[in-house]
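Trainee: What follows is query.txt; its format and atoms are compact mmCIF, C-alpha atoms.
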```txt
# COMPACT_ATOMS: atom_id res chain seq x y z
CA MET A 1 144.26 134.56 78.54
CA ALA A 2 145.27 132.71 75.39
CA ASP A 3 144.44 134.60 72.20
CA ARG A 4 143.06 131.45 70.61
CA VAL A 5 142.40 127.91 71.87
CA THR A 6 141.97 125.04 69.44
CA VAL A 7 141.09 121.53 70.57
CA ILE A 8 142.19 118.86 68.10
CA GLY A 9 140.81 115.36 68.20
CA TRP A 10 143.28 112.62 67.28
CA ASP A 11 142.34 109.11 66.14
CA GLY A 12 145.62 108.00 64.58
CA SER A 13 144.75 109.32 61.14
CA PRO A 14 146.88 112.02 59.46
CA LEU A 15 146.00 115.47 60.78
CA THR A 16 143.65 117.55 58.68
CA ALA A 17 144.75 120.82 57.09
CA ALA A 18 142.85 122.75 59.78
CA ALA A 19 144.60 120.80 62.54
CA ARG A 20 148.05 121.28 60.98
CA SER A 21 147.42 125.00 60.58
CA ALA A 22 146.37 125.41 64.22
CA LEU A 23 149.34 123.38 65.47
CA GLY A 24 151.79 125.30 63.31
CA ALA A 25 150.72 128.58 64.93
CA ALA A 26 150.67 127.26 68.51
CA THR A 27 152.86 128.72 71.23
CA LEU A 28 151.51 126.25 73.80
CA VAL A 29 150.55 122.63 73.15
CA ALA A 30 148.89 120.36 75.73
CA GLY A 31 148.36 116.65 75.22
CA ALA A 32 149.38 113.13 76.17
CA ALA A 33 152.94 111.98 75.60
CA HIS A 34 152.17 110.46 72.19
CA HIS A 35 150.49 113.70 71.10
CA LEU A 36 153.46 115.85 72.06
CA GLU A 37 155.72 113.61 69.96
CA LEU A 38 153.83 114.39 66.74
CA PRO A 39 156.13 116.00 64.17
CA GLU A 40 153.62 118.82 63.59
CA VAL A 41 154.14 120.19 67.13
CA PRO A 42 156.33 123.33 66.80
CA PRO A 43 159.76 122.83 68.42
CA GLY A 44 159.57 126.18 70.20
CA ALA A 45 156.09 125.74 71.66
CA GLU A 46 155.61 125.31 75.39
CA ARG A 47 154.52 121.72 76.03
CA ILE A 48 152.17 120.55 78.79
CA ARG A 49 151.74 116.86 79.57
CA LEU A 50 148.01 116.50 79.88
CA GLY A 51 147.11 114.83 83.17
CA SER A 52 144.60 117.02 84.94
CA VAL A 53 142.54 118.93 82.36
CA THR A 54 141.64 121.46 85.05
CA LEU A 55 145.30 122.30 85.71
CA ALA A 56 145.96 122.54 81.98
CA ALA A 57 142.99 124.89 81.59
CA ARG A 58 144.44 127.17 84.27
CA ARG A 59 147.78 127.23 82.48
CA ILE A 60 146.06 128.03 79.19
CA THR A 61 144.03 130.79 80.82
CA GLY A 62 147.25 132.49 81.95
CA HIS A 63 149.07 131.96 78.64
CA ARG A 64 149.72 134.84 76.23
CA GLY A 65 149.63 133.37 72.78
CA THR A 66 147.91 130.62 70.82
CA ALA A 67 147.11 127.33 72.55
CA VAL A 68 146.31 123.88 71.16
CA VAL A 69 144.98 120.94 73.15
CA LEU A 70 145.32 117.48 71.61
CA ALA A 71 142.99 114.73 72.82
CA ASP A 72 142.25 111.16 71.75
CA GLY A 73 139.06 110.61 69.76
CA ASP A 74 136.30 113.18 69.68
CA PRO A 75 137.21 115.79 72.34
CA ALA A 76 133.57 116.90 72.60
CA PHE A 77 132.31 113.41 73.54
CA PHE A 78 133.12 112.80 77.22
CA GLY A 79 136.25 114.82 76.46
CA VAL A 80 138.19 117.94 77.36
CA VAL A 81 135.89 120.47 75.68
CA ARG A 82 133.42 120.54 78.57
CA THR A 83 136.14 121.39 81.11
CA LEU A 84 137.82 123.99 78.91
CA ARG A 85 134.48 125.74 78.35
CA ALA A 86 133.62 125.84 82.05
CA PRO A 87 132.65 129.36 83.24
CA GLU A 88 135.56 129.48 85.70
CA PHE A 89 138.05 129.59 82.82
CA GLY A 90 136.13 131.72 80.32
CA LEU A 91 137.80 130.05 77.34
CA GLU A 92 136.28 130.13 73.89
CA VAL A 93 137.47 127.12 71.94
CA GLU A 94 137.46 125.91 68.37
CA VAL A 95 137.15 122.16 67.89
CA VAL A 96 138.68 120.04 65.16
CA PRO A 97 136.88 116.69 65.69
CA ALA A 98 138.00 113.15 65.03
CA VAL A 99 136.39 109.73 65.15
CA SER A 100 135.48 108.99 68.76
CA SER A 101 137.19 106.08 70.45
CA VAL A 102 133.78 104.48 70.97
CA ALA A 103 132.97 104.65 67.26
CA ALA A 104 136.45 103.31 66.46
CA ALA A 105 136.04 100.42 68.91
CA PHE A 106 132.73 99.33 67.40
CA ALA A 107 134.21 99.69 63.93
CA ARG A 108 137.05 97.35 64.91
CA ALA A 109 134.43 94.90 66.21
CA GLY A 110 132.36 95.31 63.01
CA MET A 111 129.22 96.14 64.99
CA ALA A 112 126.51 98.79 64.94
CA TRP A 113 126.41 100.90 68.08
CA ASP A 114 123.30 103.06 67.84
CA ASP A 115 121.69 100.68 70.35
CA ALA A 116 124.63 100.77 72.79
CA LEU A 117 124.88 102.65 76.06
CA VAL A 118 128.13 104.54 76.67
CA VAL A 119 129.48 105.00 80.19
CA VAL A 120 132.65 106.40 81.71
CA ALA A 121 134.39 104.33 84.37
CA HIS A 122 136.77 105.86 86.86
CA ARG A 123 137.18 105.08 90.53
CA ARG A 124 134.16 107.18 91.53
CA THR A 125 131.79 105.84 88.87
CA LEU A 126 133.10 102.28 88.40
CA ARG A 127 130.34 100.61 90.40
CA ARG A 128 127.62 102.45 88.48
CA ALA A 129 129.27 101.55 85.17
CA VAL A 130 129.28 97.90 86.22
CA ASN A 131 125.58 98.11 87.09
CA VAL A 132 124.84 99.40 83.59
CA CYS A 133 126.77 96.45 82.16
CA ARG A 134 124.68 94.12 84.33
CA ALA A 135 121.44 95.60 83.03
CA HIS A 136 122.08 96.05 79.31
CA THR A 137 123.16 93.85 76.44
CA LYS A 138 125.54 96.25 74.69
CA VAL A 139 127.61 98.81 76.59
CA ALA A 140 130.77 100.70 75.70
CA VAL A 141 132.92 101.56 78.70
CA LEU A 142 135.46 104.38 78.48
CA THR A 143 137.91 103.19 81.11
CA SER A 144 140.62 104.85 83.20
CA PRO A 145 143.57 103.61 85.28
CA GLY A 146 142.21 101.63 88.23
CA ALA A 147 138.81 101.28 86.54
CA GLY A 148 139.61 99.13 83.53
CA PRO A 149 138.78 95.68 82.14
CA THR A 150 140.21 93.88 85.18
CA GLU A 151 138.08 95.81 87.66
CA LEU A 152 134.98 95.51 85.46
CA GLY A 153 135.41 91.74 85.28
CA LEU A 154 135.98 91.32 89.02
CA LEU A 155 132.90 93.35 89.94
CA MET A 156 130.70 91.44 87.50
CA GLU A 157 131.19 88.15 89.30
CA GLY A 158 128.21 85.90 88.68
CA VAL A 159 127.17 87.72 85.49
CA HIS A 160 128.45 86.30 82.20
CA ARG A 161 129.42 88.84 79.54
CA THR A 162 131.82 89.02 76.60
CA PHE A 163 134.43 91.79 76.63
CA VAL A 164 135.82 93.24 73.41
CA ILE A 165 138.85 95.17 74.69
CA CYS A 166 140.38 97.75 72.35
CA GLU A 167 143.77 98.98 73.55
CA GLU A 168 145.60 102.10 72.33
CA LEU A 169 143.33 102.69 69.35
CA GLY A 170 144.93 104.56 66.47
CA THR A 171 148.51 103.80 67.52
CA GLU A 172 151.02 101.27 66.26
CA ARG A 173 150.38 99.30 69.46
CA GLU A 174 146.63 99.00 68.83
CA GLN A 175 145.24 95.63 69.83
CA VAL A 176 141.73 94.16 69.98
CA SER A 177 141.07 91.16 72.28
CA VAL A 178 137.91 89.17 72.99
CA VAL A 179 137.61 87.51 76.40
CA THR A 180 134.84 86.45 78.74
CA SER A 181 134.26 88.73 81.70
CA ASP A 182 135.52 86.14 84.19
CA LYS A 183 138.88 85.98 82.37
CA ALA A 184 139.50 89.73 82.13
CA ALA A 185 141.47 89.76 85.39
CA ASP A 186 143.91 87.17 84.00
CA HIS A 187 145.55 89.75 81.72
CA THR A 188 147.35 93.06 82.00
CA TRP A 189 145.71 95.71 79.83
CA ARG A 190 147.30 98.85 78.39
CA ASP A 191 145.77 102.32 78.76
CA PRO A 192 143.94 103.90 77.12
CA ASN A 193 141.37 101.28 76.28
CA VAL A 194 137.68 100.94 75.48
CA VAL A 195 135.70 97.88 76.57
CA ILE A 196 132.61 96.76 74.66
CA VAL A 197 130.51 94.62 77.00
CA LEU A 198 128.13 92.21 75.26
CA GLY A 199 125.69 89.53 76.38
CA GLY A 200 122.41 88.71 78.01
CA ASN A 201 118.94 88.13 76.62
CA ALA A 202 118.01 90.95 74.27
CA ALA A 203 114.36 91.70 73.56
CA PRO A 204 113.44 91.01 69.93
CA ALA A 205 113.99 94.03 67.70
CA ASP A 206 110.99 95.47 65.86
CA GLY A 207 113.13 97.05 63.15
CA PRO A 208 115.55 99.97 62.84
CA GLY A 209 115.84 102.03 65.99
CA TRP A 210 114.79 105.66 66.35
CA ILE A 211 116.84 106.79 69.37
CA ALA A 212 120.46 106.21 70.34
CA GLY A 213 121.13 103.94 73.30
CA ARG A 214 118.40 102.25 75.29
CA ASP A 215 114.92 102.68 73.80
CA PRO A 216 112.75 104.06 76.65
CA SER A 217 109.57 102.98 74.84
CA ALA A 218 110.57 99.31 74.53
CA GLY A 219 108.18 96.83 76.11
CA PRO A 220 104.60 97.28 77.30
CA ARG A 221 103.36 100.51 78.85
CA GLY A 222 103.01 100.78 82.60
CA TRP A 223 105.46 100.74 85.48
CA THR A 224 103.72 97.65 86.81
CA LEU A 225 101.80 95.00 84.89
CA PRO A 226 98.88 92.73 85.81
CA ALA A 227 99.43 89.34 87.38
CA GLU A 228 98.61 87.57 84.12
CA SER A 229 101.71 89.13 82.52
CA TYR A 230 103.86 87.05 84.85
CA GLY A 231 101.88 83.83 84.66
CA GLY A 232 100.17 84.45 87.98
CA LEU A 233 101.84 85.67 91.16
CA ALA A 234 103.45 83.71 93.97
CA GLY A 235 101.99 85.59 96.92
CA GLU A 236 100.01 88.54 98.25
CA GLY A 237 103.19 90.61 98.54
CA GLU A 238 103.37 90.76 94.74
CA LEU A 239 99.93 92.21 94.05
CA GLU A 240 100.02 95.02 91.53
CA PRO A 241 99.00 97.96 93.78
CA LEU A 242 101.67 97.04 96.33
CA ARG A 243 104.29 96.54 93.61
CA ALA A 244 103.45 99.93 92.11
CA ALA A 245 103.85 101.65 95.48
CA GLN A 246 107.13 99.87 96.18
CA LEU A 247 108.51 100.72 92.76
CA ALA A 248 107.54 104.37 93.18
CA ARG A 249 109.31 104.64 96.53
CA LEU A 250 112.52 102.94 95.41
CA GLY A 251 112.72 104.72 92.04
CA PRO A 252 115.24 102.34 90.42
CA ARG A 253 117.20 103.93 87.58
CA VAL A 254 120.09 103.39 85.19
CA GLY A 255 123.31 102.82 87.15
CA ASP A 256 121.56 101.44 90.26
CA LEU A 257 121.81 97.93 91.63
CA VAL A 258 118.52 96.64 93.04
CA TRP A 259 118.15 93.70 95.38
CA ASP A 260 114.77 91.95 95.25
CA ILE A 261 114.72 89.57 98.21
CA GLY A 262 111.96 87.00 98.10
CA CYS A 263 111.44 87.64 94.41
CA GLY A 264 108.55 85.18 93.99
CA SER A 265 107.51 85.29 90.33
CA GLY A 266 110.11 87.95 89.52
CA ALA A 267 107.44 90.57 88.79
CA PHE A 268 109.10 93.33 90.81
CA ALA A 269 112.61 92.34 89.69
CA THR A 270 111.51 92.44 86.05
CA GLU A 271 109.90 95.84 86.47
CA ALA A 272 112.99 97.26 88.16
CA ALA A 273 115.08 95.94 85.27
CA ARG A 274 112.66 97.49 82.77
CA ALA A 275 113.50 100.83 84.44
CA GLY A 276 117.14 100.28 83.43
CA ALA A 277 118.59 99.20 86.76
CA GLY A 278 120.82 96.24 87.42
CA VAL A 279 118.94 93.64 89.49
CA ILE A 280 119.85 90.73 91.74
CA ALA A 281 116.77 88.63 92.48
CA VAL A 282 117.00 86.34 95.51
CA ASP A 283 114.73 83.50 96.62
CA SER A 284 115.16 80.27 98.56
CA ASP A 285 112.59 78.47 96.39
CA PRO A 286 114.09 77.02 93.18
CA ARG A 287 110.68 77.27 91.51
CA ALA A 288 110.57 81.00 92.22
CA CYS A 289 114.06 81.40 90.76
CA ALA A 290 113.01 79.50 87.63
CA ARG A 291 109.88 81.65 87.22
CA THR A 292 111.92 84.81 87.66
CA GLU A 293 114.39 83.75 85.00
CA SER A 294 111.53 82.82 82.66
CA ASN A 295 109.78 86.17 83.10
CA ALA A 296 113.05 88.04 82.60
CA ARG A 297 113.55 86.22 79.29
CA THR A 298 109.98 86.98 78.24
CA PHE A 299 110.50 90.71 78.72
CA GLY A 300 114.07 90.72 77.42
CA VAL A 301 115.59 92.13 80.61
CA GLN A 302 118.82 91.21 82.37
CA LEU A 303 118.71 89.74 85.88
CA GLN A 304 121.08 87.88 88.12
CA VAL A 305 119.08 85.25 90.00
CA VAL A 306 120.56 83.89 93.23
CA GLN A 307 119.00 80.94 95.02
CA GLY A 308 119.48 80.91 98.76
CA ALA A 309 117.98 81.84 102.11
CA ALA A 310 118.31 85.41 103.36
CA PRO A 311 119.96 86.88 105.31
CA HIS A 312 122.94 84.50 104.90
CA VAL A 313 122.89 84.52 101.10
CA LEU A 314 123.21 88.31 101.07
CA GLU A 315 126.72 88.37 102.52
CA ASN A 316 128.56 87.98 99.21
CA LEU A 317 126.27 90.01 96.95
CA ALA A 318 127.44 93.25 95.34
CA GLU A 319 126.52 96.43 97.21
CA PRO A 320 122.93 97.56 96.53
CA ASP A 321 121.58 101.06 95.97
CA VAL A 322 117.95 100.20 96.75
CA VAL A 323 116.36 97.06 98.16
CA ARG A 324 112.90 95.51 98.16
CA VAL A 325 112.34 92.91 100.85
CA GLY A 326 109.46 90.76 99.70
CA GLY A 327 109.93 88.06 102.30
CA GLY A 328 111.88 87.20 105.42
CA GLY A 329 110.49 89.76 107.82
CA ALA A 330 112.32 91.89 110.36
CA ALA A 331 115.51 89.79 110.45
CA VAL A 332 116.11 90.21 106.73
CA VAL A 333 115.26 93.91 106.80
CA SER A 334 117.78 94.40 109.60
CA ALA A 335 120.49 92.56 107.66
CA VAL A 336 119.74 94.70 104.61
CA ALA A 337 119.96 97.90 106.65
CA ASP A 338 123.43 96.83 107.82
CA ARG A 339 124.55 97.16 104.16
CA ARG A 340 123.37 100.81 104.05
CA PRO A 341 121.44 100.96 100.76
CA GLN A 342 120.00 104.37 99.94
CA ARG A 343 116.43 103.12 100.18
CA VAL A 344 114.65 100.08 101.57
CA VAL A 345 111.03 99.09 101.02
CA THR A 346 109.05 96.20 102.46
CA HIS A 347 105.55 95.34 103.66
CA ALA A 348 103.96 93.83 106.73
CA ALA A 349 100.69 92.02 107.32
CA THR A 350 100.04 93.44 110.81
CA ARG A 351 100.60 96.71 112.59
CA ASP A 352 102.79 95.04 115.24
CA GLU A 353 105.07 93.61 112.55
CA ALA A 354 105.19 96.98 110.80
CA GLU A 355 106.16 98.71 114.05
CA LEU A 356 108.93 96.19 114.73
CA ILE A 357 110.42 96.67 111.26
CA GLY A 358 110.02 100.43 111.41
CA ARG A 359 111.79 100.71 114.75
CA ASP A 360 114.70 98.63 113.48
CA LEU A 361 115.09 100.81 110.37
CA THR A 362 114.99 103.92 112.56
CA GLU A 363 117.72 102.50 114.79
CA HIS A 364 119.81 101.98 111.64
CA GLY A 365 119.50 105.70 110.85
CA TYR A 366 116.74 105.54 108.24
CA GLU A 367 113.87 107.98 107.99
CA VAL A 368 110.84 105.72 108.00
CA GLU A 369 107.40 106.11 106.49
CA CYS A 370 104.53 103.66 106.87
CA ALA A 371 101.17 103.60 105.11
CA LEU A 372 98.24 101.23 105.24
CA LEU A 373 97.40 100.23 101.69
CA GLN A 374 94.00 98.75 100.94
CA SER A 375 92.99 97.80 97.44
CA VAL A 376 89.73 96.40 96.19
CA GLU A 377 89.45 94.81 92.76
CA LEU A 378 86.04 95.04 91.13
CA ASP A 379 84.44 92.88 88.49
CA THR A 380 83.43 95.57 85.99
CA ARG A 381 80.79 93.35 84.40
CA ALA A 382 78.65 93.41 87.54
CA TRP A 383 80.62 96.03 89.54
CA THR A 384 80.98 93.64 92.42
CA GLU A 385 83.98 93.08 94.63
CA LYS A 386 86.36 90.36 93.43
CA GLU A 387 89.37 90.65 95.73
CA ARG A 388 90.48 92.80 98.64
CA SER A 389 94.04 93.14 99.95
CA VAL A 390 95.48 95.03 102.91
CA ALA A 391 99.16 95.60 103.70
CA PHE A 392 101.36 97.99 105.65
CA LEU A 393 103.91 99.55 103.29
CA LEU A 394 107.17 100.59 104.95
CA SER A 395 109.97 102.57 103.31
CA GLY A 396 113.24 103.80 104.73
CA VAL A 397 115.55 106.47 103.32
CA LEU A 398 119.05 107.37 104.50
CA PRO A 399 118.96 111.14 105.11
CA GLU A 400 122.51 111.69 103.81
CA ARG A 401 121.80 109.77 100.58
CA THR A 402 118.31 110.85 99.51
CA THR A 403 119.03 110.92 95.76
```
Take the structure in this file and express it as structure tokens.

Mentor:
Amino acid sequence: MADRVTVIGWDGSPLTAAARSALGAATLVAGAAHHLELPEVPPGAERIRLGSVTLAARRITGHRGTAVVLADGDPAFFGVVRTLRAPEFGLEVEVVPAVSSVAAAFARAGMAWDDALVVVAHRRTLRRAVNVCRAHTKVAVLTSPGAGPTELGLLMEGVHRTFVICEELGTEREQVSVVTSDKAADHTWRDPNVVIVLGGNAAPADGPGWIAGRDPSAGPRGWTLPAESYGGLAGEGELEPLRAAQLARLGPRVGDLVWDIGCGSGAFATEAARAGAGVIAVDSDPRACARTESNARTFGVQLQVVQGAAPHVLENLAEPDVVRVGGGGAAVVSAVADRRPQRVVTHAATRDEAELIGRDLTEHGYEVECALLQSVELDTRAWTEKERSVAFLLSGVLPERTT
């Protein structure tokens, strides 16, 4: 095992005295090509081109001597430090930090970033990163080859955002470009790069923030809100008790894409967006689409509203994680199940309809639950019944994708 491992962050600035001292004593140096070309790297040191951090960690573990790992930005922020400190390697590391590439990107843009979300995009997480960009007004994306500005722009079709693309920060080839998301695929971008994604309708700020990233306390309390909050509801399928049960079963979260089919007033779509998920709200009625957009603006959440009749309109939508079917019946539920979302929730007015939908979901491989929900609203001035509603709540979960 290496006698000493020092991780040095590099942001293009001259190396600190501590970094120069560690490099001068190194017998092994790992880093990207531009790191290994630094004049401070000892000529006699073994050099490792840093591709896989895991492979480099194994080499360092077997090295007898002093090792240095050079990494862009702050190596402890989505960087190499986590891998090097993994129990399988048993390495104790010292860290010489630098300005993170995210901080540098926002500095180049002249913007505050305490209210930004930061995500990492590679081939496995690209879709989730895109969903965060759909749902939030300020996101920094740490990209990777095959999951860069071009791919982000292509997957955000139908959602307008501005990209601030910062290429090769800290080098002589550094460049900052501003393009709209639909134009990102028209260019070839150099790695490494950071993309700041901006746009959408932000909720009005109450003053300086108190927590980095998305404020979980923003907006009114409650997972679901009364009908009056949305200017009255479009149908019985949007009543608050049913919405609350549907929301609980779907559990939308940051990084998810939710479909709300038959969105009505947009109450459910707005509440899913308040949970941090990306949302596509679908309805064939232009008035419903307009109400949904209006309610989204009121609550400062980001929605993509698509007007059209399901199931045909669903064919070209981005892949969902969870889906609420508020209208369209068994045919729409079946079309949704063909797309294999993790969870599906809907409701039925009769037991026969519930059984038909439940059987179809079961045939698609979903584990199905059904409950009869009855709610009675009371007038608390006289404690008399005001309104009664009854619905069969159906939910389906793919066994292999229960999280």

Trainee: Using CA of Arg359 (chain A) and CA of Arg343 (chain A) as the two end points, give the distance in Å to one decimal.

Mentor: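 Those two atoms sit 15.5 Å apart.
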
Trainee: With distances taken over only C-alpha atoms, which residue among A:Leu126, A:Ala2, A:Arg249, A:Val397 lies nearest His364 (chain A)?

Mentor: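 Between A:Leu126, A:Ala2, A:Arg249, A:Val397, the residue approaching His364 (chain A) most closely is A:Val397.
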
Trainee: Measure the distance from CA of Pro216 (chain A) to CA of Asp260 (chain A) in Å and round it to one decimal.

Mentor: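 Between CA of Pro216 (chain A) and CA of Asp260 (chain A) the gap is 22.3 Å.
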
Trainee: If we count all atoms listed in the file and set the cut-off at 12 Å, which residues sit around region 171-187 of chain A, ignoring sequence neighbours fewer than 5 positions away in its own chain? Please answer as a ChimeraX atom specification.

Mentor: /A:10-14,34-35,38,72-73,101,104-110,130,133-134,147-166,192-199

Trainee: State, in Å with one decimal place, the distance from CA of Thr384 (chain A) to CA of Ala349 (chain A).

Mentor: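 Calculated distance between CA of Thr384 (chain A) and CA of Ala349 (chain A) is 24.8 Å.
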
Trainee: Considering only C-alpha atoms, state which residue in the set A:Cys289, A:Val376, A:Ala140, A:Ala56 is at the smallest distance from Ser389 (chain A).

Mentor: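 Ranked by minimum distance to Ser389 (chain A), first place goes to A:Val376.
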
Trainee: Considering all atoms listed in the file, tabulate each residue of region 330-388 of chain A that lies at most 12 Å from region 261-277 of chain A along with its nearest interatomic pair and the corresponding distance in Å to one decimal; arrange the rows by chain and ascending residue number and present them as a Markdown table.

Mentor:
```
| residue | atom | partner | partner_atom | distance |
| --- | --- | --- | --- | --- |
| A:Val332 | CA | A:Ile261 | CA | 8.7 |
| A:Val333 | CA | A:Ile261 | CA | 9.6 |
| A:Ala335 | CA | A:Ile261 | CA | 11.5 |
| A:Val336 | CA | A:Ile261 | CA | 9.6 |
| A:Val344 | CA | A:Ile261 | CA | 11.0 |
| A:Val345 | CA | A:Ile261 | CA | 10.6 |
| A:Thr346 | CA | A:Ile261 | CA | 9.7 |
| A:His347 | CA | A:Gly262 | CA | 11.9 |
```

Trainee: What lies within 10 Å of Phe77 (chain A) using all atoms listed in the file, ignoring chain neighbours under 5 positions off, as number ranges by chain?

Mentor: A: 82, 97, 100-102

Trainee: Could you turn the residues from that selection into a file that holds C-alpha atoms, as a JSON list (two decimals), keeping the file's coordinate frame?

Mentor:
```json
[["chain", "number", "residue", "atom", "x", "y", "z"],
["A", 82, "ARG", "CA", 133.42, 120.54, 78.57],
["A", 97, "PRO", "CA", 136.88, 116.69, 65.69],
["A", 100, "SER", "CA", 135.48, 108.99, 68.76],
["A", 101, "SER", "CA", 137.19, 106.08, 70.45],
["A", 102, "VAL", "CA", 133.78, 104.48, 70.97]]
```

Trainee: May I ask which of the residues A:Glu387, A:Ala330, A:Ala22, A:Glu400 is the closest one to Asp352 (chain A), counting only C-alpha atoms?

Mentor: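 Ranking A:Glu387, A:Ala330, A:Ala22, A:Glu400 by distance to Asp352 (chain A), first place goes to A:Ala330.
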
Trainee: Determine, counting only C-alpha atoms, which protein, DNA and RNA residues have an atom within 12 Å of an atom of Ala86 (chain A); residues of the same chain fewer than 4 positions away are not included. Present the result as JSON, numbers by chain.

Mentor: {"A": [53, 54, 57, 58, 61, 80, 81, 82, 90, 91, 92, 93]}

Trainee: Name the closest residue to Asp283 (chain A) among the candidates A:Val305, A:Val139, A:Ala30, A:Ala337; distances are taken between atoms, counting only C-alpha atoms.

Mentor: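 Comparing A:Val305, A:Val139, A:Ala30, A:Ala337 against Asp283 (chain A), the winner is A:Val305.
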
Trainee: For Asp74 (chain A), which residue out of A:Ala103, A:Leu142, A:Val29, A:Ala318 is the nearest one, using all atoms listed in the file?

Mentor: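 Using all atoms listed in the file, Asp74 (chain A) sits closest to A:Ala103.
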
Trainee: Enumerate, as an MDAnalysis selection string, the protein, DNA and RNA residues whose atoms approach (105.8, 96.4, 109.8) to within 12 Å, taking into account all atoms listed in the file and the coordinate frame of the file.

Mentor: chainID A and resid 325 327:331 333 345:361 368:372 391:396

Trainee: Mind checking which residues fall within 12 Å of Ser21 (chain A), counting all atoms listed in the file, ignoring those fewer than 3 positions away in the same chain, and posting them as a list in words?

Mentor: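 What passes the distance filter is Thr6, Ile8, Leu15, Thr16, Ala17, Ala18, Gly24, Ala25, Ala26, Glu40, Val41, Pro42, Thr66, Val68 and Val96 of chain A.
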
Trainee: Between A:Asp115, A:Pro43, A:Pro87, A:Gly79, which one has atoms that come closest to Asp215 (chain A), using only C-alpha atoms?

Mentor: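 The shortest atom-to-atom distance to Asp215 (chain A) comes from A:Asp115.
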
Trainee: Name the residues within 10 Å of (150.8, 132.6, 77.9), counting only C-alpha atoms in the file's coordinates, and put them as a list in words.

Mentor: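 All residues meeting the 10 Å criterion around (150.8, 132.6, 77.9) are Met1, Ala2, Asp3, Thr27, Leu28, Glu46, Arg59, Ile60, Thr61, Gly62, His63, Arg64, Gly65, Thr66 and Ala67 of chain A.
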
Trainee: Export region 369-383 of chain A, N, CA and C atoms, as a PDB file, in the first residue's frame; it's the structure right above.

Mentor:
```pdb
ATOM      1  N   GLU A 369     -53.143  -3.823  -6.404  1.00  0.00           N
ATOM      2  CA  GLU A 369     -53.940  -3.638  -5.193  1.00  0.00           C
ATOM      3  C   GLU A 369     -55.161  -2.798  -5.546  1.00  0.00           C
ATOM      4  N   CYS A 370     -56.272  -3.086  -4.875  1.00  0.00           N
ATOM      5  CA  CYS A 370     -57.490  -2.313  -5.099  1.00  0.00           C
ATOM      6  C   CYS A 370     -58.157  -2.063  -3.756  1.00  0.00           C
ATOM      7  N   ALA A 371     -58.615  -0.835  -3.563  1.00  0.00           N
ATOM      8  CA  ALA A 371     -59.292  -0.474  -2.321  1.00  0.00           C
ATOM      9  C   ALA A 371     -60.501   0.382  -2.651  1.00  0.00           C
ATOM     10  N   LEU A 372     -61.554   0.193  -1.893  1.00  0.00           N
ATOM     11  CA  LEU A 372     -62.743   1.033  -2.043  1.00  0.00           C
ATOM     12  C   LEU A 372     -62.601   2.220  -1.098  1.00  0.00           C
ATOM     13  N   LEU A 373     -62.514   3.400  -1.676  1.00  0.00           N
ATOM     14  CA  LEU A 373     -62.368   4.606  -0.879  1.00  0.00           C
ATOM     15  C   LEU A 373     -63.704   5.323  -0.797  1.00  0.00           C
ATOM     16  N   GLN A 374     -64.122   5.606   0.415  1.00  0.00           N
ATOM     17  CA  GLN A 374     -65.339   6.390   0.614  1.00  0.00           C
ATOM     18  C   GLN A 374     -65.007   7.564   1.516  1.00  0.00           C
ATOM     19  N   SER A 375     -65.337   8.753   1.090  1.00  0.00           N
ATOM     20  CA  SER A 375     -65.083   9.928   1.908  1.00  0.00           C
ATOM     21  C   SER A 375     -66.372  10.719   2.065  1.00  0.00           C
ATOM     22  N   VAL A 376     -66.534  11.267   3.240  1.00  0.00           N
ATOM     23  CA  VAL A 376     -67.708  12.066   3.547  1.00  0.00           C
ATOM     24  C   VAL A 376     -67.223  13.399   4.100  1.00  0.00           C
ATOM     25  N   GLU A 377     -67.602  14.485   3.433  1.00  0.00           N
ATOM     26  CA  GLU A 377     -67.242  15.811   3.908  1.00  0.00           C
ATOM     27  C   GLU A 377     -68.373  16.351   4.768  1.00  0.00           C
ATOM     28  N   LEU A 378     -67.999  16.879   5.945  1.00  0.00           N
ATOM     29  CA  LEU A 378     -68.996  17.388   6.876  1.00  0.00           C
ATOM     30  C   LEU A 378     -68.917  18.904   6.976  1.00  0.00           C
ATOM     31  N   ASP A 379     -70.069  19.507   7.130  1.00  0.00           N
ATOM     32  CA  ASP A 379     -70.153  20.931   7.429  1.00  0.00           C
ATOM     33  C   ASP A 379     -69.972  21.079   8.931  1.00  0.00           C
ATOM     34  N   THR A 380     -68.825  21.601   9.354  1.00  0.00           N
ATOM     35  CA  THR A 380     -68.509  21.621  10.789  1.00  0.00           C
ATOM     36  C   THR A 380     -69.288  22.678  11.565  1.00  0.00           C
ATOM     37  N   ARG A 381     -70.070  23.499  10.874  1.00  0.00           N
ATOM     38  CA  ARG A 381     -70.923  24.437  11.603  1.00  0.00           C
ATOM     39  C   ARG A 381     -72.138  23.711  12.183  1.00  0.00           C
ATOM     40  N   ALA A 382     -72.679  22.776  11.423  1.00  0.00           N
ATOM     41  CA  ALA A 382     -73.848  22.027  11.893  1.00  0.00           C
ATOM     42  C   ALA A 382     -73.561  20.539  12.021  1.00  0.00           C
ATOM     43  N   TRP A 383     -72.313  20.118  11.629  1.00  0.00           N
ATOM     44  CA  TRP A 383     -71.906  18.718  11.631  1.00  0.00           C
ATOM     45  C   TRP A 383     -72.907  17.855  10.855  1.00  0.00           C
TER      46      TRP A 383
END
```
